[in-house]
Amino acid sequence: MKNLLPIILFLLCLRTIAQTDSSFIKRTPADTNKLKMNMDAVYNRPFLTMGKFPVAVGGYVEANSSYFGTDGVTEGLSFQIPRLTLFISSSIKKRIKFLSEIEFEEGGKEIAIEFASMDIELHPLLNLRGGIIMNPIGAFNQNHDGPKWEFINRPFSATTIIPSTWSNVGFGLFGKYAMNNFVWAYEAYLTNGFDDKIISNPENRTWLPASKENPERFEESFNGVPLVTTKTAIRHRKIGEIGVSWMGGVYNKFRIDGVIVDKQRRIDLFAIDLNTTLPKINTYITGEWVWAMVEVPDNYTKEYGNKLRGGFLDVVQPILKRKILGWENSTLNLAFRTEYVDYNVGTFSETETNIADHLFAVVPGISFRPSALTVIRFNYRYHWQTDLLGNPAARTAGIQFGFSTYF
Amino acid sequence: MKKIILNIIIGSFVIITSCQKLMPPAPKDEDVLAGTIPGLTPEQEKEHLVGDASFGKIFTKEEGLGPIFVQTSCANCHIGNGKGHLSTQLTRFANVNGSIIDYLLNKGGPQLQQHSILGYLPETLPTEANAFSKRIAPAVMGLGYIAALDDQTILSNADPNDLNGDGISGRPNYVTPTSFFSPQSIHIPFNNQYIGRFGKKAEKVTIQDQVVFALKQDIGITSDFDTQDLFNYQLGVYTGDDAADPEVSSGFVHGLVFYMRTLKAPTRRNKDNADVIAGEKLFAQIGCTSCHTPSFTTAQSDISALSNQTFYPYSDFLLHDMGELLDDNFPEGSANGFEWRTPPLWGLGLAKDSQGGQMFLLHDGRAKTFDQVITFHGGEAASRRTAFNALSQTEKDQIFKFLESL
C-alpha cells in the first residue's frame, strides 16, 4: 500500500490539473483499427495524455448490484465494486515503452499489479517484453477490461481454469506480421508459475487460482522451473481472429536444498479463442475453450482432477445504434452467454461412472453503451452445478445490474 | 424515445418485483436430507449452521490434514448427509488369530489411510493384516434421536438367547468407553462397558466418539480429545504433519456433534400410496420388523426438541448374526465378524441422490438393488430372506416401493 501512495497522489495531481485547464488533458481513444488483436489489448485502451508530458494515464471501474439465490435460499440484494483499475503508460524513448496496470479488487481488499512491463521494439516481428506480464493463454486473460464486455461476471472457465487475471514476472518476445487483410502474431514468455496450492486448497478440487494467493511468486519461482507460455493468432480484417495458446510448467516443489523429494509434476493448459463480427447484422461473437492437464499424485483423493476443461461463447447483437437520450452513436445490445466448466474430467475406477463436478450456465442480458467507453449492463444468470458424484444439480439464479466504464 | 424509456421503467419494475420468482425454488423438504429437527430455538439453529460449516470444511495440510487420510472433509464422504460412494470406501484391518485380535496399532491400524498430502507417502496394508473390512460412509441424518434413546429402550428389544423363538437374537454391543466419555442418565453400564449404538457394528457409544475417531482416522485431524497425530509407520519416520496439535478445538468437535444431533430425520414420501401401504404390511408380515423396528420414542434430552419424540428409524440398534456372506472377519467391541448392527432404513429412498444416481447398499456398498441386499441376508435373517423369496414379484415390488418411501 505504501508503494501505491505516490501513484495515487500523482493521479490526484493530474485530476487537479484537469480541473484548472481542461484543454491540457487530451483523451487518446482506443485504437479501433481492425488489425488490432487480442494481444494488443493491454495498450488498446483509452488514455488521458497531458500536453507533451510523456506519461498517459487511464483506468476503468466496475460496479454492480446482484440478487442471487440457490435452491430457494437467497442472501438478498448486495452491491459490489469488484474492481477499480488504473493504467499508466509511458513512452520512454522511441520504440521503448512501459505500461503498468494496478487493480484494486473488492473495494481495496486486494491490490495487485497485474501488468508492469517494458516493451522494446527491435522490429515489428521482434519485440522484447519484460516485467510483470499477463500470460497469453486464451484471449480473456489479456483482454479482460470490464467495459469491453456485456456481462458483469467474468467467464468461469477464464477465471477458475485459466486464473484470470494471471500475470507473473518474466520476459519474452512477441511480434506481428501483416500482409494484405491478414495479420499474424506470436508471443512467447518465460515466467514464474504455479505452486502446489493448486492441489492443496480449500476449494476441494484442482483449483488453479489458488496459486494467485502466493505473494512470493513475484519474488521467486516456487520450484525454479519457468512457466512457458506461447500463443499464436491470426486475424483477417473482415473475418475475425483465432488464437491458439499453450502454457506449461512444473507446479510442485520437487527439490529442497538440492535434495530431490518428489518427481516433477506438470501442469499444461491449451486454449483456443476466436472472435468475429458477422457482416451486415453486426453480430459480435467471441469465445474461448481451455483444456488443463495437471499431474495429480496417485495418492490424492478423487476430488482433485487431473483434467479440466471449459469455455464460453458470447453473442452480442446490437439492436439500436443511434442517438439515445442525447448521446450520439449510443448502442443498445442484446447479449447471450453460455458457458461450461468441468473441473474433473474422467471416470471413477470403482464404478466406471462419470466424475461430474461441472457447471453449466446461461446468461441472457441487455447492455446500453452511451459511448464505446461505457457500458450499463443488465444480466440474468442461471446455472446448474453438479457435485463430484453427479447428484441432482444445485440451481443458482441471479439478477445483476451494473456499469463499467473507462475513465 | 419516450416509448423506450417507458418500457425500460416498466421492465425494471417487473423484474425487481419478481426477483423471487426468477430464483430456483427450494426442493421439497421430503426430497432432501439437509435440514434441522423441528422445534429448535434460533440460537440452536445458528449453532447448527456453525456445525454445518465445520462438516463441510475442507482441511488443507497447513490446517493439519493428514499427513495420511481417507478424505479431506466430513462432507466428502457423507455427501448431502447421505450414504457414501464406493470411491470413498474405507478399509479397516487387523490380525485375527482365533480369539486373539490385534488391531495392528503400531502398523497403522485399525484403519487404512490410502491418501496423503503432497510429498508424503500413503499407507499400504501391512503384511501382518489378515482381516479386512471395507465400509462406505453411513447417512448421518436423525442421529440426535438415536443418541437420545435410553439404553433400557434398546435393551427391551434384545433377545440374545431367542427366548421368544422368532429366530432373531439381537444383542447389544457392549464396548469400553473412550477416556472422554461422560455417562448420562440414559446410559446403563455393564462391567464398566456401555452399549454402542453408532457405527456399522455399534462400536461407538456416542456421536462424539464417532466424530473424534473419524476426524483422526478419516481426515488425520487431531482434537482436544485425541492429540496424537497419524503418521505412516511404514516410512520409518515417526512424525506427522507440521501443524500444531490439537488441530481443532473441543469447540469444533462439539459444533460437529451438535450439527449431527440436530439434523432432521428423513421425511417419508408417498406414504399414502396403496403399494407403499401394502409393502409396509408385507414387510412386517414376513418378519423384517423383528430387527428393523419401525419406531422408538426418545427419553428426556438436553435439547428439548429431542425429548420424548417418536421417530421411525427401522432399526433396533442391536447386533445380529448376518451369516457367512456378510462375515468380514473383523470384530469390533463384542461384535464378531458376522455380526452387524441393524442399519436404519430411513432415507433409503433418497440414497441414490447422494450416491451419484445409483444405490450402493450394505456396509461396503456391494449391493445396488434392494433385491440384492435381501439376497445377502443370512444367519438370523435367512428365514426372512426365504419368506421374501416366496413372495410374488408384485409383492416384492410393493416392498421395494415401501423402502423407497422411507
# chains A, B, ... in the order shown; residues from 1 in each chain; ligands from 1
$ residues_around --residues "B:Tyr194" --least-positions-apart "5" --cutoff "9 Å" --atoms "only C-alpha atoms" --output "PyMOL selection string"
chain B and resi 151+173-177+183+187-189+205
$ write_last_selection --atoms "N, CA, C and O atoms" --output "PDB file, in the first residue's frame"
ATOM      1  N   ASP B 151     -30.772 -46.510  27.155  1.00  0.00           N
ATOM      2  CA  ASP B 151     -30.289 -47.881  26.980  1.00  0.00           C
ATOM      3  C   ASP B 151     -31.390 -48.907  27.252  1.00  0.00           C
ATOM      4  O   ASP B 151     -31.454 -49.953  26.606  1.00  0.00           O
ATOM      5  N   ASN B 173     -24.075 -54.317  21.670  1.00  0.00           N
ATOM      6  CA  ASN B 173     -22.613 -54.377  21.627  1.00  0.00           C
ATOM      7  C   ASN B 173     -22.091 -53.564  22.799  1.00  0.00           C
ATOM      8  O   ASN B 173     -22.142 -52.331  22.789  1.00  0.00           O
ATOM      9  N   TYR B 174     -21.604 -54.240  23.813  1.00  0.00           N
ATOM     10  CA  TYR B 174     -21.018 -53.531  24.955  1.00  0.00           C
ATOM     11  C   TYR B 174     -19.565 -53.218  24.625  1.00  0.00           C
ATOM     12  O   TYR B 174     -18.790 -54.121  24.281  1.00  0.00           O
ATOM     13  N   VAL B 175     -19.238 -51.946  24.711  1.00  0.00           N
ATOM     14  CA  VAL B 175     -17.874 -51.535  24.350  1.00  0.00           C
ATOM     15  C   VAL B 175     -17.253 -50.726  25.480  1.00  0.00           C
ATOM     16  O   VAL B 175     -17.956 -50.095  26.280  1.00  0.00           O
ATOM     17  N   THR B 176     -15.949 -50.774  25.534  1.00  0.00           N
ATOM     18  CA  THR B 176     -15.226 -49.977  26.532  1.00  0.00           C
ATOM     19  C   THR B 176     -15.282 -48.519  26.104  1.00  0.00           C
ATOM     20  O   THR B 176     -14.923 -48.201  24.974  1.00  0.00           O
ATOM     21  N   PRO B 177     -15.753 -47.655  26.973  1.00  0.00           N
ATOM     22  CA  PRO B 177     -15.916 -46.251  26.547  1.00  0.00           C
ATOM     23  C   PRO B 177     -14.582 -45.540  26.388  1.00  0.00           C
ATOM     24  O   PRO B 177     -13.564 -45.965  26.926  1.00  0.00           O
ATOM     25  N   PRO B 183     -20.895 -40.587  31.182  1.00  0.00           N
ATOM     26  CA  PRO B 183     -22.203 -41.258  31.154  1.00  0.00           C
ATOM     27  C   PRO B 183     -23.344 -40.295  31.496  1.00  0.00           C
ATOM     28  O   PRO B 183     -23.184 -39.425  32.354  1.00  0.00           O
ATOM     29  N   HIS B 187     -27.624 -43.862  29.974  1.00  0.00           N
ATOM     30  CA  HIS B 187     -26.663 -44.965  29.828  1.00  0.00           C
ATOM     31  C   HIS B 187     -26.700 -45.925  31.015  1.00  0.00           C
ATOM     32  O   HIS B 187     -26.759 -45.494  32.161  1.00  0.00           O
ATOM     33  N   ILE B 188     -26.641 -47.202  30.702  1.00  0.00           N
ATOM     34  CA  ILE B 188     -26.616 -48.230  31.750  1.00  0.00           C
ATOM     35  C   ILE B 188     -25.323 -49.028  31.589  1.00  0.00           C
ATOM     36  O   ILE B 188     -25.143 -49.710  30.573  1.00  0.00           O
ATOM     37  N   PRO B 189     -24.417 -48.947  32.558  1.00  0.00           N
ATOM     38  CA  PRO B 189     -23.147 -49.676  32.407  1.00  0.00           C
ATOM     39  C   PRO B 189     -23.313 -51.172  32.679  1.00  0.00           C
ATOM     40  O   PRO B 189     -24.228 -51.590  33.379  1.00  0.00           O
ATOM     41  N   VAL B 205     -20.264 -45.451  21.400  1.00  0.00           N
ATOM     42  CA  VAL B 205     -21.348 -45.192  22.351  1.00  0.00           C
ATOM     43  C   VAL B 205     -22.039 -43.865  22.033  1.00  0.00           C
ATOM     44  O   VAL B 205     -23.252 -43.757  22.098  1.00  0.00           O
TER      45      VAL B 205
END
$ residues_around --residues "stretch 156-165 of chain B" --least-positions-apart "4" --cutoff "10 Å" --atoms "only C-alpha atoms" --output "mmCIF file with all heavy atoms, in the first residue's frame"
data_model
loop_
_atom_site.group_PDB
_atom_site.id
_atom_site.type_symbol
_atom_site.label_atom_id
_atom_site.label_comp_id
_atom_site.auth_asym_id
_atom_site.auth_seq_id
_atom_site.Cartn_x
_atom_site.Cartn_y
_atom_site.Cartn_z
ATOM 1 N N ASP B 151 -30.772 -46.510 27.155
ATOM 2 C CA ASP B 151 -30.289 -47.881 26.980
ATOM 3 C C ASP B 151 -31.390 -48.907 27.252
ATOM 4 O O ASP B 151 -31.454 -49.953 26.606
ATOM 5 C CB ASP B 151 -29.102 -48.147 27.920
ATOM 6 C CG ASP B 151 -27.794 -47.607 27.364
ATOM 7 O OD1 ASP B 151 -27.801 -47.108 26.207
ATOM 8 O OD2 ASP B 151 -26.772 -47.672 28.073
ATOM 9 N N GLN B 152 -32.244 -48.583 28.220
ATOM 10 C CA GLN B 152 -33.295 -49.540 28.580
ATOM 11 C C GLN B 152 -34.218 -49.811 27.393
ATOM 12 O O GLN B 152 -34.656 -50.949 27.170
ATOM 13 C CB GLN B 152 -34.098 -49.004 29.777
ATOM 14 C CG GLN B 152 -35.056 -50.019 30.372
ATOM 15 C CD GLN B 152 -34.343 -51.333 30.720
ATOM 16 O OE1 GLN B 152 -33.333 -51.333 31.424
ATOM 17 N NE2 GLN B 152 -34.852 -52.454 30.198
ATOM 18 N N SER B 169 -32.091 -63.045 17.409
ATOM 19 C CA SER B 169 -31.476 -62.968 18.743
ATOM 20 C C SER B 169 -30.593 -61.724 18.863
ATOM 21 O O SER B 169 -29.384 -61.837 19.060
ATOM 22 C CB SER B 169 -30.656 -64.218 19.019
ATOM 23 O OG SER B 169 -29.719 -64.425 17.987
ATOM 24 N N GLY B 170 -31.165 -60.579 18.708
ATOM 25 C CA GLY B 170 -30.391 -59.340 18.792
ATOM 26 C C GLY B 170 -29.771 -59.133 20.154
ATOM 27 O O GLY B 170 -30.387 -59.438 21.176
ATOM 28 N N ARG B 171 -28.558 -58.619 20.155
ATOM 29 C CA ARG B 171 -27.892 -58.307 21.431
ATOM 30 C C ARG B 171 -27.133 -56.999 21.287
ATOM 31 O O ARG B 171 -26.702 -56.628 20.185
ATOM 32 C CB ARG B 171 -26.949 -59.440 21.838
ATOM 33 C CG ARG B 171 -25.733 -59.590 20.930
ATOM 34 C CD ARG B 171 -24.887 -60.768 21.366
ATOM 35 N NE ARG B 171 -23.683 -60.883 20.552
ATOM 36 C CZ ARG B 171 -22.528 -60.285 20.857
ATOM 37 N NH1 ARG B 171 -22.422 -59.517 21.926
ATOM 38 N NH2 ARG B 171 -21.485 -60.444 20.064
ATOM 39 N N PRO B 172 -26.985 -56.313 22.415
ATOM 40 C CA PRO B 172 -26.249 -55.043 22.350
ATOM 41 C C PRO B 172 -24.752 -55.280 22.242
ATOM 42 O O PRO B 172 -24.261 -56.324 22.663
ATOM 43 C CB PRO B 172 -26.606 -54.356 23.668
ATOM 44 C CG PRO B 172 -26.908 -55.491 24.595
ATOM 45 C CD PRO B 172 -27.497 -56.590 23.766
ATOM 46 N N SER B 290 -38.743 -57.600 12.835
ATOM 47 C CA SER B 290 -38.139 -58.195 14.039
ATOM 48 C C SER B 290 -36.817 -57.507 14.346
ATOM 49 O O SER B 290 -36.415 -57.381 15.508
ATOM 50 C CB SER B 290 -37.880 -59.689 13.827
ATOM 51 O OG SER B 290 -39.075 -60.351 13.545
ATOM 52 N N CYS B 291 -36.098 -57.104 13.317
ATOM 53 C CA CYS B 291 -34.844 -56.352 13.503
ATOM 54 C C CYS B 291 -35.041 -54.884 13.123
ATOM 55 O O CYS B 291 -34.587 -53.988 13.835
ATOM 56 C CB CYS B 291 -33.727 -56.920 12.644
ATOM 57 S SG CYS B 291 -33.338 -58.645 12.971
ATOM 58 N N THR B 293 -36.957 -52.462 13.509
ATOM 59 C CA THR B 293 -38.046 -51.964 14.353
ATOM 60 C C THR B 293 -38.498 -50.593 13.855
ATOM 61 O O THR B 293 -37.673 -49.673 13.732
ATOM 62 C CB THR B 293 -37.559 -51.834 15.811
ATOM 63 O OG1 THR B 293 -36.969 -53.083 16.178
ATOM 64 C CG2 THR B 293 -38.679 -51.487 16.753
ATOM 65 N N ASP B 316 -33.214 -51.743 15.259
ATOM 66 C CA ASP B 316 -33.271 -51.970 16.713
ATOM 67 C C ASP B 316 -31.936 -51.635 17.372
ATOM 68 O O ASP B 316 -31.795 -51.780 18.569
ATOM 69 C CB ASP B 316 -33.695 -53.419 17.032
ATOM 70 C CG ASP B 316 -32.749 -54.448 16.437
ATOM 71 O OD1 ASP B 316 -31.700 -54.036 15.855
ATOM 72 O OD2 ASP B 316 -33.045 -55.650 16.524
ATOM 73 N N PHE B 317 -30.958 -51.230 16.571
ATOM 74 C CA PHE B 317 -29.628 -50.825 17.058
ATOM 75 C C PHE B 317 -28.908 -51.956 17.800
ATOM 76 O O PHE B 317 -28.026 -51.722 18.609
ATOM 77 C CB PHE B 317 -29.714 -49.554 17.931
ATOM 78 C CG PHE B 317 -30.495 -48.464 17.248
ATOM 79 C CD1 PHE B 317 -31.768 -48.130 17.680
ATOM 80 C CD2 PHE B 317 -29.968 -47.822 16.148
ATOM 81 C CE1 PHE B 317 -32.501 -47.156 17.021
ATOM 82 C CE2 PHE B 317 -30.706 -46.852 15.480
ATOM 83 C CZ PHE B 317 -31.971 -46.515 15.919
ATOM 84 N N LEU B 318 -29.313 -53.170 17.499
ATOM 85 C CA LEU B 318 -28.699 -54.356 18.123
ATOM 86 C C LEU B 318 -27.876 -55.125 17.098
ATOM 87 O O LEU B 318 -28.047 -54.935 15.876
ATOM 88 C CB LEU B 318 -29.787 -55.275 18.692
ATOM 89 C CG LEU B 318 -30.646 -54.678 19.817
ATOM 90 C CD1 LEU B 318 -31.828 -55.584 20.116
ATOM 91 C CD2 LEU B 318 -29.797 -54.462 21.077
ATOM 92 N N LEU B 319 -27.002 -55.969 17.600
ATOM 93 C CA LEU B 319 -26.185 -56.804 16.719
ATOM 94 C C LEU B 319 -26.941 -58.073 16.346
ATOM 95 O O LEU B 319 -27.619 -58.676 17.186
ATOM 96 C CB LEU B 319 -24.890 -57.206 17.430
ATOM 97 C CG LEU B 319 -23.928 -56.084 17.814
ATOM 98 C CD1 LEU B 319 -22.764 -56.672 18.625
ATOM 99 C CD2 LEU B 319 -23.401 -55.367 16.578
ATOM 100 N N HIS B 320 -26.755 -58.464 15.086
ATOM 101 C CA HIS B 320 -27.383 -59.707 14.621
ATOM 102 C C HIS B 320 -26.381 -60.477 13.780
ATOM 103 O O HIS B 320 -25.578 -59.889 13.047
ATOM 104 C CB HIS B 320 -28.628 -59.397 13.774
ATOM 105 C CG HIS B 320 -29.713 -58.730 14.541
ATOM 106 N ND1 HIS B 320 -30.647 -59.421 15.272
ATOM 107 C CD2 HIS B 320 -30.003 -57.412 14.712
ATOM 108 C CE1 HIS B 320 -31.475 -58.551 15.857
ATOM 109 N NE2 HIS B 320 -31.102 -57.325 15.525
#
$ interface_residues --of "chain A" --to "chain B" --cutoff "7 Å" --atoms "only C-alpha atoms" --output "list in words"
Gly69, Thr70, Asp71, Gly72, Val73, Ser200, Asn201, Pro202, Asn204, Val261, Asp262, Asn299, Tyr300, Thr301, Phe348, Glu350, Leu389, Gly390, Asn391, Pro392, Arg395, Thr396, Ala397 and Gly398 of chain A
$ select_by_dssp --residues "stretch 82-307 of chain B" --states "strand (DSSP E or B)" --output "PDB file with N, CA and C atoms, in the first residue's frame"
ATOM      1  N   LEU B  90     -13.698 -47.014   2.789  1.00  0.00           N
ATOM      2  CA  LEU B  90     -12.508 -47.126   3.631  1.00  0.00           C
ATOM      3  C   LEU B  90     -12.277 -48.583   4.018  1.00  0.00           C
ATOM      4  N   THR B  91     -11.061 -48.844   4.500  1.00  0.00           N
ATOM      5  CA  THR B  91     -10.699 -50.216   4.856  1.00  0.00           C
ATOM      6  C   THR B  91     -10.189 -50.256   6.293  1.00  0.00           C
ATOM      7  N   ARG B  92     -10.759 -51.127   7.087  1.00  0.00           N
ATOM      8  CA  ARG B  92     -10.212 -51.397   8.424  1.00  0.00           C
ATOM      9  C   ARG B  92      -9.502 -52.744   8.372  1.00  0.00           C
ATOM     10  N   PHE B  93      -8.468 -52.869   9.176  1.00  0.00           N
ATOM     11  CA  PHE B  93      -7.711 -54.119   9.109  1.00  0.00           C
ATOM     12  C   PHE B  93      -7.211 -54.525  10.494  1.00  0.00           C
ATOM     13  N   ALA B  94      -6.912 -55.784  10.612  1.00  0.00           N
ATOM     14  CA  ALA B  94      -6.416 -56.329  11.885  1.00  0.00           C
ATOM     15  C   ALA B  94      -5.763 -57.677  11.606  1.00  0.00           C
ATOM     16  N   ASN B  95      -5.095 -58.183  12.623  1.00  0.00           N
ATOM     17  CA  ASN B  95      -4.620 -59.550  12.560  1.00  0.00           C
ATOM     18  C   ASN B  95      -5.477 -60.337  13.538  1.00  0.00           C
ATOM     19  N   VAL B  96      -6.237 -61.266  13.009  1.00  0.00           N
ATOM     20  CA  VAL B  96      -7.138 -62.052  13.844  1.00  0.00           C
ATOM     21  C   VAL B  96      -6.642 -63.497  13.853  1.00  0.00           C
ATOM     22  N   ASN B  97      -6.365 -63.959  15.036  1.00  0.00           N
ATOM     23  CA  ASN B  97      -5.884 -65.334  15.200  1.00  0.00           C
ATOM     24  C   ASN B  97      -6.750 -65.991  16.259  1.00  0.00           C
ATOM     25  N   ILE B 100      -7.785 -64.120  19.424  1.00  0.00           N
ATOM     26  CA  ILE B 100      -6.824 -63.034  19.661  1.00  0.00           C
ATOM     27  C   ILE B 100      -6.910 -62.037  18.498  1.00  0.00           C
ATOM     28  N   ILE B 101      -7.206 -60.826  18.852  1.00  0.00           N
ATOM     29  CA  ILE B 101      -7.380 -59.787  17.827  1.00  0.00           C
ATOM     30  C   ILE B 101      -6.322 -58.712  18.037  1.00  0.00           C
ATOM     31  N   ASP B 102      -5.534 -58.491  17.029  1.00  0.00           N
ATOM     32  CA  ASP B 102      -4.516 -57.429  17.081  1.00  0.00           C
ATOM     33  C   ASP B 102      -4.881 -56.386  16.025  1.00  0.00           C
ATOM     34  N   GLN B 111      -7.228 -48.571  10.782  1.00  0.00           N
ATOM     35  CA  GLN B 111      -7.848 -48.127   9.526  1.00  0.00           C
ATOM     36  C   GLN B 111      -6.766 -47.694   8.541  1.00  0.00           C
ATOM     37  N   HIS B 115      -4.663 -42.174   1.300  1.00  0.00           N
ATOM     38  CA  HIS B 115      -4.278 -40.912   0.665  1.00  0.00           C
ATOM     39  C   HIS B 115      -3.312 -40.152   1.572  1.00  0.00           C
ATOM     40  N   SER B 116      -2.583 -39.239   0.963  1.00  0.00           N
ATOM     41  CA  SER B 116      -1.629 -38.464   1.759  1.00  0.00           C
ATOM     42  C   SER B 116      -1.439 -37.094   1.150  1.00  0.00           C
ATOM     43  N   ALA B 131      -7.305 -59.670   8.345  1.00  0.00           N
ATOM     44  CA  ALA B 131      -8.750 -59.411   8.389  1.00  0.00           C
ATOM     45  C   ALA B 131      -8.996 -57.994   7.884  1.00  0.00           C
ATOM     46  N   PHE B 132      -9.893 -57.892   6.940  1.00  0.00           N
ATOM     47  CA  PHE B 132     -10.141 -56.590   6.311  1.00  0.00           C
ATOM     48  C   PHE B 132     -11.641 -56.333   6.268  1.00  0.00           C
ATOM     49  N   SER B 133     -12.015 -55.123   6.562  1.00  0.00           N
ATOM     50  CA  SER B 133     -13.419 -54.759   6.458  1.00  0.00           C
ATOM     51  C   SER B 133     -13.545 -53.481   5.659  1.00  0.00           C
ATOM     52  N   LYS B 134     -14.211 -53.579   4.537  1.00  0.00           N
ATOM     53  CA  LYS B 134     -14.425 -52.382   3.720  1.00  0.00           C
ATOM     54  C   LYS B 134     -15.761 -51.775   4.105  1.00  0.00           C
ATOM     55  N   ARG B 135     -15.789 -50.460   4.181  1.00  0.00           N
ATOM     56  CA  ARG B 135     -17.007 -49.759   4.616  1.00  0.00           C
ATOM     57  C   ARG B 135     -17.259 -48.539   3.733  1.00  0.00           C
ATOM     58  N   ARG B 171     -28.558 -58.619  20.155  1.00  0.00           N
ATOM     59  CA  ARG B 171     -27.892 -58.307  21.431  1.00  0.00           C
ATOM     60  C   ARG B 171     -27.133 -56.999  21.287  1.00  0.00           C
ATOM     61  N   ASN B 173     -24.075 -54.317  21.670  1.00  0.00           N
ATOM     62  CA  ASN B 173     -22.613 -54.377  21.627  1.00  0.00           C
ATOM     63  C   ASN B 173     -22.091 -53.564  22.799  1.00  0.00           C
ATOM     64  N   TYR B 174     -21.604 -54.240  23.813  1.00  0.00           N
ATOM     65  CA  TYR B 174     -21.018 -53.531  24.955  1.00  0.00           C
ATOM     66  C   TYR B 174     -19.565 -53.218  24.625  1.00  0.00           C
ATOM     67  N   VAL B 175     -19.238 -51.946  24.711  1.00  0.00           N
ATOM     68  CA  VAL B 175     -17.874 -51.535  24.350  1.00  0.00           C
ATOM     69  C   VAL B 175     -17.253 -50.726  25.480  1.00  0.00           C
ATOM     70  N   PHE B 190     -22.420 -51.939  32.096  1.00  0.00           N
ATOM     71  CA  PHE B 190     -22.367 -53.376  32.356  1.00  0.00           C
ATOM     72  C   PHE B 190     -20.897 -53.773  32.332  1.00  0.00           C
ATOM     73  N   GLN B 193     -18.627 -51.339  30.867  1.00  0.00           N
ATOM     74  CA  GLN B 193     -18.800 -51.098  29.436  1.00  0.00           C
ATOM     75  C   GLN B 193     -20.188 -50.506  29.199  1.00  0.00           C
ATOM     76  N   TYR B 194     -20.354 -49.952  28.013  1.00  0.00           N
ATOM     77  CA  TYR B 194     -21.628 -49.294  27.692  1.00  0.00           C
ATOM     78  C   TYR B 194     -22.127 -49.764  26.327  1.00  0.00           C
ATOM     79  N   ILE B 195     -23.389 -49.597  26.096  1.00  0.00           N
ATOM     80  CA  ILE B 195     -23.992 -50.056  24.844  1.00  0.00           C
ATOM     81  C   ILE B 195     -23.596 -49.104  23.710  1.00  0.00           C
ATOM     82  N   GLY B 196     -22.999 -49.708  22.670  1.00  0.00           N
ATOM     83  CA  GLY B 196     -22.696 -48.924  21.484  1.00  0.00           C
ATOM     84  C   GLY B 196     -23.944 -48.815  20.617  1.00  0.00           C
ATOM     85  N   PHE B 198     -23.737 -46.425  17.650  1.00  0.00           N
ATOM     86  CA  PHE B 198     -23.327 -45.811  16.377  1.00  0.00           C
ATOM     87  C   PHE B 198     -22.220 -46.652  15.740  1.00  0.00           C
ATOM     88  N   LYS B 204     -19.527 -47.545  18.668  1.00  0.00           N
ATOM     89  CA  LYS B 204     -19.344 -46.234  19.298  1.00  0.00           C
ATOM     90  C   LYS B 204     -20.558 -45.934  20.181  1.00  0.00           C
ATOM     91  N   SER B 223      -7.658 -33.575  17.823  1.00  0.00           N
ATOM     92  CA  SER B 223      -8.535 -32.659  18.560  1.00  0.00           C
ATOM     93  C   SER B 223      -8.136 -32.685  20.027  1.00  0.00           C
ATOM     94  N   ASP B 226      -8.165 -36.173  21.285  1.00  0.00           N
ATOM     95  CA  ASP B 226      -7.179 -37.157  20.800  1.00  0.00           C
ATOM     96  C   ASP B 226      -6.078 -36.366  20.093  1.00  0.00           C
ATOM     97  N   VAL B 248      -7.810 -29.186  15.897  1.00  0.00           N
ATOM     98  CA  VAL B 248      -9.087 -28.493  16.103  1.00  0.00           C
ATOM     99  C   VAL B 248      -9.409 -28.509  17.595  1.00  0.00           C
ATOM    100  N   LEU B 263     -29.596 -32.659  13.022  1.00  0.00           N
ATOM    101  CA  LEU B 263     -30.024 -32.922  11.647  1.00  0.00           C
ATOM    102  C   LEU B 263     -31.350 -33.662  11.685  1.00  0.00           C
ATOM    103  N   PHE B 296     -39.357 -45.726  17.690  1.00  0.00           N
ATOM    104  CA  PHE B 296     -38.912 -45.582  19.071  1.00  0.00           C
ATOM    105  C   PHE B 296     -39.365 -44.229  19.590  1.00  0.00           C
ATOM    106  N   THR B 297     -39.301 -44.083  20.903  1.00  0.00           N
ATOM    107  CA  THR B 297     -39.546 -42.768  21.495  1.00  0.00           C
ATOM    108  C   THR B 297     -38.347 -42.394  22.358  1.00  0.00           C
TER     109      THR B 297
END
$ residues_around --residues "B:Pro138" --least-positions-apart "3" --cutoff "7 Å" --atoms "only C-alpha atoms" --output "list in words"
Gly82, Lys83 and Gly84 of chain B
$ write_last_selection --atoms "all heavy atoms" --output "mmCIF file, in the first residue's frame"
data_model
loop_
_atom_site.group_PDB
_atom_site.id
_atom_site.type_symbol
_atom_site.label_atom_id
_atom_site.label_comp_id
_atom_site.auth_asym_id
_atom_site.auth_seq_id
_atom_site.Cartn_x
_atom_site.Cartn_y
_atom_site.Cartn_z
ATOM 1 N N GLY B 82 -25.924 -37.888 3.116
ATOM 2 C CA GLY B 82 -26.412 -39.221 2.775
ATOM 3 C C GLY B 82 -25.323 -40.279 2.824
ATOM 4 O O GLY B 82 -24.214 -40.059 3.330
ATOM 5 N N LYS B 83 -25.683 -41.431 2.292
ATOM 6 C CA LYS B 83 -24.763 -42.568 2.295
ATOM 7 C C LYS B 83 -23.586 -42.325 1.354
ATOM 8 O O LYS B 83 -23.696 -41.595 0.374
ATOM 9 C CB LYS B 83 -25.507 -43.828 1.846
ATOM 10 C CG LYS B 83 -26.586 -44.285 2.825
ATOM 11 C CD LYS B 83 -27.459 -45.361 2.240
ATOM 12 C CE LYS B 83 -26.757 -46.688 2.171
ATOM 13 N NZ LYS B 83 -26.516 -47.287 3.502
ATOM 14 N N GLY B 84 -22.490 -42.979 1.646
ATOM 15 C CA GLY B 84 -21.269 -42.757 0.875
ATOM 16 C C GLY B 84 -21.233 -43.517 -0.441
ATOM 17 O O GLY B 84 -22.115 -44.321 -0.754
#
$ select_by_dssp --residues "stretch 50-212 of chain B" --states "alpha helix (DSSP H)" --output "number ranges by chain"
B: 50-56, 74-77, 143-147, 151-155, 207-212
$ atom_distance --atom1 "atom CA of A:Arg309" --atom2 "atom CA of A:Ala158"
10.5 Å
